[in-house]
Each structure stands twice: as structure tokens, then as C-alpha cells.
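Pasted below: final36.txt, compact mmCIF, C-alpha atoms and all ligand atoms.
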# COMPACT_ATOMS: atom_id res chain seq x y z
CA MET A 520 33.11 16.03 -1.40
CA TYR A 521 30.08 13.77 -1.63
CA THR A 522 29.62 10.69 0.54
CA TYR A 523 26.95 8.01 0.28
CA THR A 524 25.86 6.05 3.35
CA ARG A 525 23.33 3.36 4.08
CA LEU A 526 21.23 4.96 6.82
CA THR A 527 20.17 3.31 10.06
CA PRO A 528 17.56 4.35 12.65
CA GLU A 529 20.39 6.17 14.48
CA THR A 530 21.61 8.19 11.46
CA ILE A 531 18.39 8.82 9.53
CA SER A 532 16.90 11.80 11.35
CA PRO A 533 18.69 14.68 9.46
CA TYR A 534 17.46 13.18 6.15
CA ARG A 535 13.73 13.01 7.01
CA GLY A 536 12.99 16.25 5.14
CA LEU A 537 14.28 14.82 1.86
CA THR A 538 11.10 12.95 1.02
CA VAL A 539 7.32 13.40 1.24
CA PRO A 540 5.70 13.32 4.71
CA ALA A 541 4.06 9.93 4.06
CA TYR A 542 7.44 8.33 3.37
CA ALA A 543 9.15 10.28 6.17
CA LYS A 544 6.66 8.52 8.50
CA LEU A 545 7.84 5.17 7.13
CA LEU A 546 11.37 6.13 8.19
CA ASP A 547 10.20 6.50 11.80
CA GLN A 548 9.26 2.84 11.93
CA SER A 549 11.61 -0.10 11.88
CA LEU A 550 13.77 -0.06 8.76
CA GLU A 551 13.59 -3.82 8.44
CA ASN A 552 11.90 -3.86 5.04
CA LEU A 553 13.54 -0.68 3.77
CA VAL A 554 16.89 0.18 2.30
CA VAL A 555 17.71 3.87 2.66
CA VAL A 556 20.81 5.65 1.36
CA GLY A 557 21.70 9.26 2.04
CA ALA A 558 24.05 11.57 0.14
CA ALA A 559 25.96 14.21 2.07
CA TYR A 560 28.18 17.10 0.99
CA PHE A 561 30.75 17.76 3.70
CA TRP A 562 28.41 15.95 6.13
CA GLN A 563 25.35 18.05 5.14
CA PRO A 564 22.45 15.90 3.83
CA VAL A 565 21.76 16.70 0.15
CA GLY A 566 20.00 13.62 -1.21
CA LEU A 567 18.01 10.55 -0.23
CA VAL A 568 16.83 7.36 -1.90
CA ILE A 569 14.37 4.90 -0.32
CA ALA A 570 13.44 1.38 -1.43
CA THR A 571 10.89 -0.99 0.10
CA LEU A 572 11.49 -4.73 0.11
CA THR A 573 9.03 -7.59 0.10
CA PRO A 574 9.36 -9.77 3.26
CA ASP A 575 11.41 -12.37 1.32
CA ALA A 576 13.68 -9.49 0.11
CA ARG A 577 13.48 -10.73 -3.49
CA TYR A 578 11.67 -7.70 -4.85
CA ALA A 579 12.20 -3.98 -4.20
CA GLN A 580 10.49 -0.77 -5.19
CA VAL A 581 12.44 2.49 -5.21
CA ILE A 582 9.73 4.75 -3.83
CA SER A 583 11.62 8.01 -3.44
CA LEU A 584 14.71 9.68 -4.91
CA LEU A 585 15.48 13.30 -4.21
CA VAL A 586 18.48 15.58 -4.58
CA ILE A 587 18.15 19.15 -3.30
CA PRO A 588 18.08 21.72 -6.16
CA GLU A 589 21.52 23.23 -5.41
CA HIS A 590 23.22 19.85 -5.94
CA ARG A 591 21.35 18.63 -9.01
CA GLY A 592 23.11 17.88 -12.28
CA LYS A 593 26.30 16.83 -10.49
CA GLY A 594 25.80 13.09 -10.63
CA VAL A 595 24.38 12.74 -7.09
CA GLY A 596 21.09 11.19 -8.28
CA ALA A 597 22.90 8.60 -10.40
CA ALA A 598 25.32 7.78 -7.56
CA LEU A 599 22.47 7.36 -5.05
CA LEU A 600 20.72 4.96 -7.41
CA ALA A 601 23.93 2.96 -8.00
CA GLU A 602 24.55 2.82 -4.25
CA ILE A 603 21.09 1.54 -3.36
CA GLU A 604 21.36 -1.09 -6.12
CA LYS A 605 24.55 -2.39 -4.44
CA HIS A 606 22.83 -2.66 -1.03
CA LEU A 607 19.77 -4.35 -2.55
CA HIS A 608 22.01 -6.82 -4.37
CA LYS A 609 23.76 -7.60 -1.08
CA ARG A 610 20.40 -8.33 0.57
CA GLY A 611 19.79 -10.92 -2.18
CA CYS A 612 17.20 -8.81 -3.97
CA GLN A 613 16.63 -10.02 -7.53
CA GLN A 614 14.59 -7.21 -9.01
CA ALA A 615 14.05 -3.53 -8.34
CA ASP A 616 11.32 -1.37 -9.85
CA PHE A 617 11.30 2.42 -10.07
CA ALA A 618 7.99 4.20 -10.67
CA TYR A 619 7.45 7.83 -11.64
CA LEU A 620 4.79 10.06 -13.15
CA THR A 621 5.21 11.58 -16.60
CA ALA A 622 3.73 14.98 -15.71
CA THR A 623 6.55 15.88 -13.34
CA GLU A 624 9.07 18.35 -14.69
CA HIS A 625 11.76 15.86 -13.64
CA ALA A 626 10.51 13.00 -15.82
CA ALA A 627 13.15 13.58 -18.52
CA ALA A 628 15.94 13.69 -15.93
CA ILE A 629 14.62 10.52 -14.27
CA GLU A 630 14.46 8.66 -17.58
CA HIS A 631 17.97 9.79 -18.46
CA LEU A 632 19.24 8.71 -15.06
CA LEU A 633 17.61 5.28 -15.31
CA GLU A 634 19.05 4.72 -18.77
CA LYS A 635 22.50 5.77 -17.60
CA ASN A 636 22.28 3.28 -14.70
CA ASP A 637 21.25 0.48 -17.10
CA TRP A 638 17.62 0.14 -16.07
CA ARG A 639 15.15 -1.29 -18.59
CA THR A 640 13.07 0.94 -20.85
CA PRO A 641 10.15 2.22 -18.73
CA GLN A 642 6.68 0.78 -19.36
CA THR A 643 3.40 2.54 -18.68
CA VAL A 644 1.54 0.55 -16.01
CA ALA A 645 -1.24 2.92 -15.03
CA VAL A 646 -2.91 6.14 -16.08
CA PHE A 647 -4.00 8.92 -13.73
CA PHE A 648 -7.04 11.04 -14.53
CA GLU A 649 -7.44 14.23 -12.54
CA SER A 650 -10.42 16.59 -12.65
CA ASP A 651 -12.71 18.79 -10.60
CA VAL A 652 -16.49 18.69 -10.27
CA GLU A 653 -17.20 21.58 -12.65
CA THR A 654 -15.05 20.22 -15.48
CA TYR A 655 -16.34 16.68 -15.01
CA LEU A 656 -19.99 17.77 -15.13
CA LYS A 657 -19.37 19.34 -18.54
CA SER A 658 -17.56 16.28 -19.90
CA PRO A 659 -19.06 13.58 -22.15
CA LEU A 660 -18.43 11.10 -19.34
CA TYR A 661 -21.16 12.67 -17.24
CA THR A 662 -24.78 11.68 -17.51
CA PRO A 663 -27.30 12.20 -14.70
CA GLN A 664 -28.35 8.56 -14.93
CA VAL A 665 -26.36 5.73 -16.48
CA ILE A 666 -28.79 3.51 -18.42
CA LEU A 667 -28.04 -0.23 -18.54
CA PRO A 668 -29.27 -2.81 -21.07
CA ASP A 669 -32.35 -4.86 -19.98
CA GLY A 670 -31.84 -7.30 -17.13
CA TYR A 671 -28.81 -5.49 -15.62
CA GLU A 672 -28.62 -3.37 -12.50
CA PHE A 673 -25.96 -1.66 -10.40
CA PHE A 674 -25.75 -2.16 -6.66
CA ALA A 675 -23.54 -0.62 -3.98
CA TRP A 676 -20.68 -3.03 -3.25
CA ALA A 677 -21.36 -2.51 0.46
CA ASP A 678 -24.65 -4.39 -0.15
CA LEU A 679 -22.90 -7.54 -1.39
CA THR A 680 -24.45 -10.42 0.57
CA PRO A 681 -22.51 -13.32 2.14
CA GLN A 682 -24.31 -15.54 -0.38
CA ASP A 683 -23.04 -13.36 -3.31
CA ARG A 684 -19.51 -13.54 -1.93
CA ALA A 685 -19.66 -17.33 -1.58
CA THR A 686 -20.99 -17.68 -5.16
CA ILE A 687 -18.22 -15.44 -6.57
CA LEU A 688 -15.50 -17.40 -4.74
CA GLN A 689 -17.02 -20.73 -5.79
CA ARG A 690 -17.16 -19.69 -9.44
CA GLN A 691 -13.57 -18.42 -9.25
CA ALA A 692 -12.42 -21.79 -7.85
CA GLN A 693 -14.43 -23.88 -10.32
CA THR A 694 -13.54 -22.04 -13.55
CA PRO A 695 -10.40 -23.52 -15.16
CA GLY A 696 -7.75 -20.77 -15.11
CA GLY A 697 -10.00 -18.68 -12.84
CA TRP A 698 -13.18 -16.73 -13.55
CA PHE A 699 -11.38 -13.40 -13.10
CA SER A 700 -7.70 -12.46 -12.90
CA GLU A 701 -6.55 -12.17 -9.26
CA THR A 702 -5.26 -8.65 -10.06
CA VAL A 703 -8.89 -7.47 -10.31
CA SER A 704 -10.18 -9.46 -7.35
CA PRO A 705 -12.69 -7.41 -5.32
CA PHE A 706 -11.45 -9.12 -2.17
CA ILE A 707 -7.86 -7.80 -2.09
CA GLN A 708 -7.09 -5.24 0.65
CA GLU A 709 -10.76 -4.89 1.52
CA ASP A 710 -10.00 -2.38 4.26
CA ARG A 711 -9.20 0.11 1.50
CA VAL A 712 -12.42 -0.40 -0.50
CA GLU A 713 -14.10 2.95 -1.08
CA PRO A 714 -17.81 2.69 -0.19
CA ILE A 715 -18.93 5.88 -1.97
CA ASN A 716 -18.44 4.52 -5.47
CA SER A 717 -17.62 0.81 -5.36
CA ILE A 718 -20.36 -0.92 -7.30
CA GLY A 719 -21.38 -4.34 -8.51
CA LEU A 720 -23.32 -5.35 -11.60
CA ARG A 721 -26.11 -7.92 -11.48
CA TYR A 722 -27.74 -9.71 -14.40
CA GLN A 723 -31.07 -11.25 -13.47
CA GLY A 724 -30.02 -11.08 -9.83
CA GLU A 725 -26.59 -12.71 -10.23
CA VAL A 726 -23.31 -10.79 -9.78
CA VAL A 727 -21.55 -10.65 -13.18
CA GLY A 728 -19.17 -7.72 -12.74
CA TRP A 729 -17.81 -4.98 -10.53
CA MET A 730 -15.92 -1.73 -10.30
CA VAL A 731 -14.48 -1.94 -6.81
CA THR A 732 -12.44 1.17 -6.08
CA GLN A 733 -9.90 1.74 -3.34
CA ARG A 734 -9.02 4.92 -1.49
CA MET A 735 -5.25 5.46 -1.85
CA THR A 736 -4.90 9.04 -0.55
CA PRO A 737 -7.49 11.64 0.51
CA THR A 738 -7.87 12.78 -3.12
CA LEU A 739 -6.94 9.65 -5.03
CA VAL A 740 -9.18 6.71 -5.79
CA ASP A 741 -7.86 3.60 -7.50
CA TYR A 742 -10.07 2.22 -10.28
CA THR A 743 -8.02 -0.88 -11.03
CA ASN A 744 -10.44 -3.63 -9.88
CA LEU A 745 -12.76 -3.67 -12.88
CA PHE A 746 -14.31 -6.89 -14.11
CA VAL A 747 -17.13 -8.03 -16.40
CA SER A 748 -17.77 -11.73 -16.90
CA ARG A 749 -16.83 -13.08 -20.32
CA GLU A 750 -20.36 -14.01 -21.44
CA HIS A 751 -21.49 -10.40 -20.93
CA LYS A 752 -18.80 -8.78 -23.08
CA GLY A 753 -19.57 -6.66 -26.14
CA GLN A 754 -22.13 -4.38 -24.47
CA SER A 755 -19.75 -1.71 -23.16
CA LEU A 756 -20.65 -2.76 -19.61
CA SER A 757 -17.15 -1.95 -18.33
CA ILE A 758 -17.33 1.65 -19.53
CA LEU A 759 -20.84 1.91 -18.01
CA LEU A 760 -19.45 0.65 -14.67
CA VAL A 761 -16.69 3.27 -14.85
CA MET A 762 -19.20 6.01 -15.76
CA GLU A 763 -21.43 5.08 -12.84
CA ALA A 764 -18.54 4.86 -10.34
CA THR A 765 -17.18 8.22 -11.54
CA ARG A 766 -20.66 9.76 -11.33
CA ARG A 767 -21.04 8.57 -7.74
CA GLN A 768 -17.57 9.84 -6.83
CA PHE A 769 -18.19 13.37 -8.18
CA GLU A 770 -21.78 13.55 -6.85
CA TYR A 771 -20.37 12.73 -3.44
CA ILE A 772 -17.71 15.43 -3.72
CA LYS A 773 -20.33 17.93 -4.94
CA ALA A 774 -22.74 17.06 -2.10
CA SER A 775 -19.96 17.47 0.45
CA GLY A 776 -19.43 21.03 -0.82
CA ASN A 777 -15.78 20.27 -1.37
CA ASP A 778 -14.31 21.62 -4.59
CA GLN A 779 -11.09 19.64 -4.41
CA THR A 780 -9.80 17.87 -7.48
CA ALA A 781 -10.19 14.13 -7.62
CA THR A 782 -7.72 11.77 -9.20
CA SER A 783 -8.34 8.24 -10.29
CA ARG A 784 -5.88 5.64 -11.36
CA SER A 785 -6.63 2.92 -13.86
CA LEU A 786 -4.53 0.17 -15.38
CA ALA A 787 -2.74 1.06 -18.59
CA ASN A 788 -3.45 -0.79 -21.82
CA SER A 789 -6.94 -1.72 -20.76
CA LYS A 790 -9.42 -1.12 -23.54
CA TRP A 791 -11.51 1.24 -21.48
CA THR A 792 -8.51 3.37 -20.44
CA LYS A 793 -7.84 4.10 -24.11
CA MET A 794 -11.53 4.71 -24.69
CA LEU A 795 -11.71 7.03 -21.71
CA MET A 796 -8.77 9.03 -23.04
CA ASP A 797 -10.41 9.46 -26.47
CA PHE A 798 -13.85 10.01 -25.07
CA ALA A 799 -13.24 12.22 -22.04
CA GLY A 800 -9.54 13.06 -22.13
CA SER A 801 -10.39 16.76 -22.48
CA ALA A 802 -12.10 16.76 -19.07
CA PHE A 803 -9.09 15.35 -17.26
CA LYS A 804 -5.46 16.07 -16.73
CA VAL A 805 -4.04 12.76 -17.88
CA GLN A 806 -0.63 11.45 -16.94
CA GLU A 807 1.06 8.10 -17.04
CA GLN A 808 2.67 6.14 -14.26
CA ARG A 809 5.71 4.40 -15.70
CA VAL A 810 7.89 1.70 -14.22
CA SER A 811 11.44 0.82 -15.06
CA THR A 812 12.96 -2.43 -13.85
CA LYS A 813 16.45 -3.62 -13.09
CA MET A 814 17.38 -7.26 -12.59
CA LEU A 815 20.04 -7.22 -9.90
CA GLN A 816 21.36 -10.78 -9.88
CA ASP A 817 21.07 -12.03 -13.46
CA LYS A 818 20.60 -9.38 -16.12
CA ASP A 819 18.82 -11.62 -18.62
CA GLU A 820 16.26 -13.00 -16.23
CA PRO A 821 12.64 -12.13 -16.98
CA PRO A 822 10.95 -9.93 -14.34
CA ILE A 823 9.58 -12.01 -11.45
CA VAL A 824 6.75 -9.94 -10.03
CA THR A 825 4.72 -6.95 -11.01
CA ILE A 826 3.27 -5.06 -8.10
CA LEU A 827 1.31 -1.95 -8.94
CA PRO A 828 3.50 0.90 -7.71
CA ARG A 829 2.79 2.97 -4.66
CA ILE A 830 1.32 6.39 -5.20
CA PRO A 831 3.96 9.11 -5.13
CA GLU A 832 1.86 11.67 -3.29
CA ASN A 833 2.81 15.36 -3.67
CA PHE A 834 6.45 14.75 -4.40
CA PRO A 835 8.45 17.86 -3.45
CA SER A 836 10.28 19.60 -6.27
C1 LIG A 901 15.52 13.42 -10.54
C2 LIG A 901 16.65 13.88 -9.63
C3 LIG A 901 16.74 12.93 -8.44
C4 LIG A 901 17.99 13.84 -10.42
O1 LIG A 901 19.07 14.11 -9.53
P1 LIG A 901 20.49 14.72 -10.06
O2 LIG A 901 21.46 14.65 -8.94
O3 LIG A 901 20.27 16.03 -10.69
O4 LIG A 901 20.86 13.62 -11.15
P2 LIG A 901 22.28 13.42 -11.87
O5 LIG A 901 23.07 14.69 -11.79
O6 LIG A 901 22.91 12.21 -11.31
O7 LIG A 901 21.87 13.04 -13.32
C5 LIG A 901 20.92 13.74 -13.97
C6 LIG A 901 21.12 13.42 -15.43
O8 LIG A 901 19.93 13.84 -16.04
C7 LIG A 901 20.25 14.87 -16.94
N1 LIG A 901 19.15 15.82 -16.90
C8 LIG A 901 18.87 16.74 -15.98
N2 LIG A 901 17.76 17.39 -16.32
C9 LIG A 901 17.36 16.86 -17.50
C10 LIG A 901 16.27 17.10 -18.36
N3 LIG A 901 15.35 18.03 -18.07
N4 LIG A 901 16.15 16.37 -19.48
C11 LIG A 901 17.05 15.39 -19.77
N5 LIG A 901 18.10 15.10 -18.99
C12 LIG A 901 18.23 15.83 -17.86
C13 LIG A 901 21.53 15.47 -16.46
O9 LIG A 901 22.21 16.14 -17.53
C14 LIG A 901 22.27 14.25 -16.01
O10 LIG A 901 22.79 13.51 -17.11
P3 LIG A 901 24.38 13.46 -17.48
O11 LIG A 901 25.06 12.93 -16.26
O12 LIG A 901 24.44 12.53 -18.65
O13 LIG A 901 24.76 14.85 -17.77
C15 LIG A 901 16.44 15.36 -9.13
O14 LIG A 901 16.18 16.16 -10.25
C16 LIG A 901 15.31 15.52 -8.15
O15 LIG A 901 15.52 15.38 -6.95
N6 LIG A 901 14.09 15.84 -8.62
C17 LIG A 901 12.94 16.04 -7.76
C18 LIG A 901 12.42 14.76 -7.15
C19 LIG A 901 11.97 13.74 -8.17
O16 LIG A 901 11.30 14.07 -9.13
N7 LIG A 901 12.31 12.48 -7.89
C20 LIG A 901 11.97 11.34 -8.71
C21 LIG A 901 10.68 10.71 -8.36
S1 LIG A 901 10.79 9.62 -7.02
Before anything else, please render the file you have as C-alpha cells.
Amino acid sequence: MYTYTRLTPETISPYRGLTVPAYAKLLDQSLENLVVVGAAYFWQPVGLVIATLTPDARYAQVISLLVIPEHRGKGVGAALLAEIEKHLHKRGCQQADFAYLTATEHAAAIEHLLEKNDWRTPQTVAVFFESDVETYLKSPLYTPQVILPDGYEFFAWADLTPQDRATILQRQAQTPGGWFSETVSPFIQEDRVEPINSIGLRYQGEVVGWMVTQRMTPTLVDYTNLFVSREHKGQSLSILLVMEATRRQFEYIKASGNDQTATSRSLANSKWTKMLMDFAGSAFKVQEQRVSTKMLQDKDEPPIVTILPRIPENFPS
């Protein structure tokens, strides 16, 4: 007999092992912005689903869903998902997103489960590229020195001056519709900015672009904040920024004597992501991060927010 219960700080402890350590740590804190449902078989924990909520509770992300192998294929996953949807609906949540990676052996089961529970067709939102130093150095992406057209130069983002920052913000405010999209702003979550390979691009001394990366996990660097000003398009400057940032990342790993693999995440559907896949796909293990959405209050409503999903680090199988 399976039972499904919304967990509280008092009842959560036996379920902590049913997610990755990073999310288990979240469960130790206040559960105020989380909804957590456990599945038990004759009182023994067999499954867990966790969703995070924005402070206004309008938007949720299902960050973890796990059923232990012995109880898979019996409808527990689908029931957990249906149960958490009910609790999210009760909290007034309008939209829930569910993110997963395509390279996991469970991707087909997840997609089936989402479809069965009436979630929308998943969309690819980001692409992960994983490689090690040796493979990268042999790839067409590597060059010992990235050559820029005349007048351009790279600089370490850590060397951005207060004057540069003021100029960027002023131009952003003065350009109708914005100079750059806020999703690629170099000033979001600055505590995460990775100094080893975040770079800016100057043209005749003025900042005209950047590849500001963020450290998401010890081995994963996010390459989503890429920007080149409109009047400088058509010179492949964005791919050159990516090449230079990647070169700095791998040179750093090589110099540190660490042979770990490195993973980078970039936004899907960007021109350079496609180019990178054609150009250097062979040097990387490439997988997609997909997101499925469910509108919880009014089915026909268009999605309200798109937040780049959390990184599902080392999900247990
Ligand atoms: C994904 C997971 C939660 C599914 O749990 P589950 O309890 O087995 O799911 P259910 O039994 O409710 O439903 C699974 C459905 O997928 C189907 N399925 C299972 N494996 C499948 C596969 N490889 N390809 C296609 N469909 C598959 C099942 O037949 C079932 O469909 P049905 O009810 O129409 O027969 C479980 O496999 C798991 O914990 N995996 C590891 C963790 C993980 O990857 N989590 C997701 C990322 S957060």
C-alpha cells in the first residue's frame, strides 16, 4: 500500500537520502519556499519529490523526483507528481516547471511521465558541453591565441573599472528597449561570477561585449551571459569570446594539474550554440537541458516566467 504525504520539518528526516546531497541540505533549512512530498510503502520511504517556490509562490520548479529502483514502474513517480501539483495549486502557484537532462537513462521515463500527467511538450532551454583537457586541446575550438580583428581586445572582467560599469549601465538605461537583454546582464548574481575566464571585449577602449561566466558547481561553469553590441555584429566576435573564455578555463585546469572534466552550460537556440555543436561537438559530450511546464490554475494561460533551471548535480540513479 502506497501513501503520499506532504512532508514537514518533523517528518522529513527519513526521506533525506532520496535526493542529491545539495538538495538534501535544502531540506535541513526552513521549508518555507519548498513543497516536498514523500511516497511510502507500508510506512517505508520509497520516493520523494521537491519543488521550490518563488517568494510570491506564483512560480515553482520541480527540482528533484526520485523513486527507489525496487518500486519503479508501479505508478509511484506519476502519483508523486500529481500530488505535488495539488499542493502547489493549493498554495496559489500558477505555473510549475520541470527540468531534466537528456543524457540520463531515465529521460524517456520522465518524458512519458510528464505527458501522462498533462505537462506541456518539453523545450530545450540550455545545452551542456562536457570535456576534459586532453580532448579539448585536440579540438578545433582550441587555439593557443585567439586573434581579434583590429581595434578589439579582451580584458579580464575582474579589471572592469567603476567608470566602465557606469558607462554600461548608462547605455542600458538610455537605449530604447535596452542595450542588452537583462537575461545576459553581467551584473546579475555577481557573487557567482567566475574570475578565471570571465572576459570583456573592448573596441578602441570602450566595452562592447562580454562573456561573463558563473560558477554553478565545482565542475560546472555557466556560459549564459554572452553579449556583443549590435553595431559590432557580423565578425564572429561572440564565438571568439567563447573560444577565449573556454581557452582560459582549460588552461587554468591544466595549470592546476587537475584532470577533472569541465562542463559548461549555454543557452539553447543561440546561434553560437549551434555553431559550437557543428564546429566542436566531437570534442564534447553534448546533452540538452529540457523544461516542461504545467499551468496549474488556468490551462490555457501563457507561461508567466522563465527562470533558467537549477543544475541537477550528480542525480542518483
Ligand atoms: C523517473 C522516475 C522518477 C519514474 O518513477 P516511476 O515510479 O518508475 O514512474 P511511474 O511508474 O509512475 O511511470 C513511469 C512511466 O514511464 C514508463 N517508462 C519507464 N521506463 C521507460 C522508458 N525507458 N521509456 C519509456 N517509458 C518508460 C513506464 O512504463 C510508466 O508508464 P505507464 O504508466 O504508461 O506504464 C524513476 O525512474 C527515477 O527515480 N529515476 C531516477 C531519478 C531521475 O532520473 N529523476 C528525474 C530527474 S529529477
Nearby residues (all atoms listed in the file) at most 12 Å from A:Lys818, same-chain spacing under 2 positions excluded, as a ChimeraX atom specification: /A:613-615,637-639,812-816,820-822
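With all atoms listed in the file as the atoms that count, the minimum distance from A:Leu632 to the choices A:Pro668, A:Lys593, A:Leu739, A:Pro540 is reached by A:Lys593.
We find atom CA of A:Trp729 and atom CA of A:Asn744 to be spaced 7.5 Å apart.
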All residues within 6 Å of ligand LIG 901 (chain A) are required, counting only C-alpha atoms and all ligand atoms; please report them as a PyMOL selection string. chain A and resi 582-587+591-597+619+625+627-629+631-632+836
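Of the residues listed (A:Cys612, A:Val539, A:Ala559, A:Leu667), A:Ala559 shows the shortest atom-to-atom separation from A:Leu526; distances use only C-alpha atoms.
Distances here use all atoms listed in the file; by that measure, the residue among A:Val554, A:Ile718, A:Leu633, A:Ala543 closest to A:Lys609 is A:Val554.
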